[in-house]
Each structure stands twice: as C-alpha cells, then as structure tokens.
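Asker: If you scroll down you'll find the structure; I have some questions about it.
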Amino acid sequence: MPQTILLLVAIAAVVSMVVLIARFKVNPFIAIFGSSLALALVAGMPPADVVKSFEAGVGGALGHIAIIIALGTMLGKMLAESGGAEQIANTLISLFGVKNIHWAMMLIGFIVGLPVFFEVGFVLLIPIAFNVARQTGAPLLFVGLPMVAGLSVVHGMIPPHPAALLAVQAYQADIGKTILYGIVIGLPVAVLAGPLFAKFIAPRIVLPAENPIAETLVAKQDPDRRLPGFGITMLVVLLPVILMLVGSWADLIFAAKTPANLALRFLGNTDIALLCGAVASFILLGTMRGVSASAILKYSNDCLAPTAAITLLVGAGGGFGRILIDSGVSKVIVDLAVSANVPLLLLAWLLAALMRIATGSATVAMTTAANIIAPIALKSPGTSVELLVLATGAGALILSHVNDGGFWLVKEYFNMTVPQTFRTWTIVETIISVAALILVLLASLIVG
C-alpha cells in the first residue's frame, strides 16, 4: 500500500476513535480495539496476524504496567485511609497561611501525586480541598485548580507513573535524570497552570452555593481522628522515588556489578521500589497505628477494582501501538519525520497530543506515542531521551475534553457545567502541555 494511503488510513482510525468515543459514547477500550483491527485489515495485514499483533501489544504494555498500577493504588489507598494525605495538607497550610493557600494546594497535589494515578490522587485529596475552601472562605476553584494542576503534571511527566515509566523504557532513558528533569520543569509549569491561572479564573466562574458531593465528603471528616506524623507520611510517599533515584546512581556509589551495586539496582527497580513503598505504607500507616491485618487486606483489595478500566486502556494503547508498528504505519511516520527533519521533541509532543485528543486518556496517549517514537529515537542520536519522555508526557496532557474521564471527574466534584469545565480544567491541561513543551525545548539547548 502506498505510504500516503497508509498514513491516511491511520488518521482515519484515529478520527474513528474520536467519533466513537465522543459522539456515540462507545466504551474507549472497544473503540480503540475496533479501530486497531480495522486499521490493520485495511492496511493489508493478514487476518491471522491481526489479533496476535494486538494481543502482543497489550501483553507487552501490561506485563510491567499492571504491577505499577496495583502497587501505586494500594499505597494511595493507605494514604487516604490513614489520614496521611490530610496530615500533609494541614502541615503545608499552617506553613503557607490562608492567603497563600493556593500555593499549598499545588504542592499537596504535586507531592501526593508522585506515587498515585491522577484519579486516585484526586479522590484522595478532594475532601481536603472542600474542607480548606470551607474553613478559609476561598472559592473552591481557587483551592481546587492548583491541586489538580499539581496532580496532572506529575501524572503525565514524572515516573513512577506507568505511562512515564513505559516511555522511559521505550526510549532507554535514565530514570533518575528523568525524575530530576521532570521536577525542575514540572514545578514552574504547575505554578503557571495552578496558582497563577486559578487566581485569574476563579473570580470569573460562579459555582452553585450548594455542592452535594462536598457536603457528603466534608461530613465524613473526623476532626478528632489521630493523624500520622508528617515526617512518616512523607517518607512513605517519597520512598519509591528515593529508591529509584538511588538505584539509578548505583554506578556512582559502588563499582559496577559488585554485590552492593546489584543490590542498589534491585531496590531501584520500579516494581521493587513501589513494592517497598506499599509495604511501608501497610506497616507505618497501618499496623504501627493499630490497623488490623484484615482491614489492611480489605483496603488493598477494594482499591483495585476501580483500576480495571485504567489497566484495560493502557493495554489497548499498547495494542494500538503494536498494530501501528506491524502494519507499517510507524515506518511511514519514521520516514516522513526523518525526511522532513521534524525536531524529535516536537514530533513526540505532537503525536502524543493527537492521541490524547483522540482517546481522552493521557496514559494511552503517552503509551502509544512512545511506541511510535522509540524507533525514531534510536536513529536520531543527540536528543536527550530524558527530555523526550517529558515532551511525550506534555503532549499527552493537552486539551482534555468530553472523552476524558478526568474531565467528568473534575466537573462533577466541582459541580460545574460543561462550558465551565472547558473554561477551567481544559485550559489548565492545555497550559501544562504547552508550557512544558516550551521549557523542554529550552532545556534541550542546555542538556542536548
């Protein structure tokens, strides 16, 4: 099949996803699966190979990512049930004061969002946002938008989030450098999309006086509950990140392939680091505070059910990416990119942005774009693969709209209309995406 036709078929497959999900409300997994199969068949793949290709992509994506999703969700659940996240909030609020509460909420989202999915972090922290807004008299958007900006930045750009980890693996990037660059670039981006934008938009959006969800969640808060210490809570949250950083620096600490070096690398493995974090949360936030083993088991079991859809979408993104490779579409894109001399960082951002708009999922967008860009990266030495991870993540956050679960989550909890959600949440995501791209391009002038 001619390259132009093959590329048009791929574009049609992406458009079909948008139409199926946004217009006809088809389940995103079914839409991605169906569009992938249609793309493969029209592109001329043998029917016997089509399903095998999709299954191989799903298996490749989930073989590692499913573990990360499970462990990260368990850790987040323990933060919620123990009151650890609330302790972080109270401490930062006391440090920042009422006038600077929006800055505190951004930091809360940024810190708590490190080990958990956006949706988990959002549900975990939204009761704190409701309480803070009520206690300070600040508009909910003034408090809540900085929080979701912090959560979104780390969700899309900083490991140990699954999509970022997959991009790290696909690009063969150094995870320690990726985390460091992600924090350096992510913090100013979160400031711009969070506190600064919230200060501008909050007075211009009038929310209903009554918020049924807020009333329910605020009523559940127990002011007499004994919260875990701030230091212990922060240790649990940051332990996986610390272990990954130390593991990436193993060769600087001990000679290569020595027992000590291998031990640090083992502990710095993403699966092992998150396992250590989850177990630490069970002990430090659970057992040592009198929580029974049966209760901890119930928490860790109950929190996994909501992640099923996320896991399926990650797998579908991997399957679609594999179809793109096996059908020859990736090769066409590689050839076009190389011949057109499109900057690799910009190309990664654009592809992720297109997939984000198509599927609504930042995780699927980043996963799919990484699968496409990885072969190009191997042929294009000189580009920082760590910055390539960040560029891909930035593109995967742009223009959240009605096919994104996060869009509806923010809308319903903040009790906004659809137009109000476009004027707030959608713009927050777009600011994050564009600002991060600009900073990544500037950083590439320094680090190469």
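Ordering of the structure tokens sets the chain letters (A, B, ...), residue numbers begin anew at 1 in every chain, and ligands are numbered from 1 in the order given.
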Tell me which protein, DNA and RNA residues are within 9 Å of Leu346 in chain A, counting only C-alpha atoms, leaving out same-chain ones fewer than 2 positions away, and put them as number ranges by chain.
Answerer: A: 342-344, 348-351, 388, 391-392, 437, 441
Asker: Looking only at helix (DSSP H, G or I) from DSSP on the backbone, list the matching residues of range 4-178 of chain A as a PyMOL selection string.
Answerer: chain A and resi 4-23+28-42+47-82+84-96+101-112+118-136+140-157+162-171+175-178
Asker: Tell me which of A:Ile201, A:Thr368, A:Leu387, A:Leu124 sits closest to Lys177 in chain A, counting only C-alpha atoms.
Answerer: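 Among the listed residues, the smallest separation from Lys177 in chain A belongs to A:Leu387.
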Asker: Give one line per residue of range 97-210 of chain A that approaches range 409-430 of chain A to at most 7 Å, naming the two atoms of the closest pair and their distance in Å to one decimal, counting only C-alpha atoms; sort by chain then ascending residue number and deliver it as a Markdown table.
Answerer:
```
| residue | atom | partner | partner_atom | distance |
| --- | --- | --- | --- | --- |
| A:Ala149 | CA | A:Val428 | CA | 6.7 |
| A:Ala193 | CA | A:Val428 | CA | 5.3 |
| A:Leu207 | CA | A:Met416 | CA | 6.5 |
```
Asker: Suppose we keep C-alpha atoms; can you now write the selection as an mmCIF file, in the first residue's frame?
Answerer:
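The result, written out as again.cif:
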```cif
data_model
loop_
_atom_site.group_PDB
_atom_site.id
_atom_site.type_symbol
_atom_site.label_atom_id
_atom_site.label_comp_id
_atom_site.auth_asym_id
_atom_site.auth_seq_id
_atom_site.Cartn_x
_atom_site.Cartn_y
_atom_site.Cartn_z
ATOM 1 C CA ALA A 149 -2.639 21.082 38.262
ATOM 2 C CA ALA A 193 -1.349 26.346 35.379
ATOM 3 C CA LEU A 207 -20.372 27.967 41.129
#
```
Asker: Determine, using only C-alpha atoms, which residues of range 131-213 of chain A have any atom at most 12 Å from an atom of range 300-317 of chain A, and tabulate each with its shortest atom pair and distance in Å to one decimal place, rows ordered by chain and then rising number, as a Markdown table.
Answerer:
```
| residue | atom | partner | partner_atom | distance |
| --- | --- | --- | --- | --- |
| A:His161 | CA | A:Val314 | CA | 11.9 |
| A:Pro162 | CA | A:Val314 | CA | 8.8 |
| A:Ala163 | CA | A:Val314 | CA | 8.1 |
| A:Ala164 | CA | A:Val314 | CA | 11.9 |
| A:Leu166 | CA | A:Val314 | CA | 10.3 |
```
Asker: Give the answer as one residue: which of A:Met234, A:Val148, A:Leu92, A:Ala256 has the shortest atom-to-atom distance to Leu285 in chain A, using only C-alpha atoms?
Answerer: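 Using only C-alpha atoms, the shortest distance to Leu285 in chain A belongs to A:Met234.
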Asker: Expressed in Å to a single decimal, how great is the separation between CA of Gly113 in chain A and CA of Val154 in chain A?
Answerer: 6.2 Å
Asker: Report as an NGL selection string all protein, DNA and RNA residues lying within 12 Å of Val42 in chain A, evaluated on only C-alpha atoms, omitting residues in the same chain fewer than 2 positions from it.
Answerer: :A and (1 or 5-10 or 12-13 or 35-40 or 44-47 or 50 or 323 or 327-329)
Asker: Quick one, how far is CA of Ala370 in chain A from CA of Trp249 in chain A?
Answerer: 24.5 Å
Asker: Nearest to Asn211 in chain A among A:Ser292, A:Leu140, A:Leu145, A:Ala396, with distances taken over only C-alpha atoms: which residue is it?
Answerer: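 Counting only C-alpha atoms, the residue closest to Asn211 in chain A is A:Leu140.
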Asker: Considering only C-alpha atoms, can you say which of A:Ala129, A:Val184, A:Ile88, A:Val120 comes closest to Ala70 in chain A?
Answerer: A:Val120
Asker: Which residue gives the smallest distance to Gly393 in chain A among A:Pro28, A:Gly186, A:Gly72, A:Pro146, with only C-alpha atoms counted?
Answerer: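 Between A:Pro28, A:Gly186, A:Gly72, A:Pro146, the residue approaching Gly393 in chain A most closely is A:Gly186.
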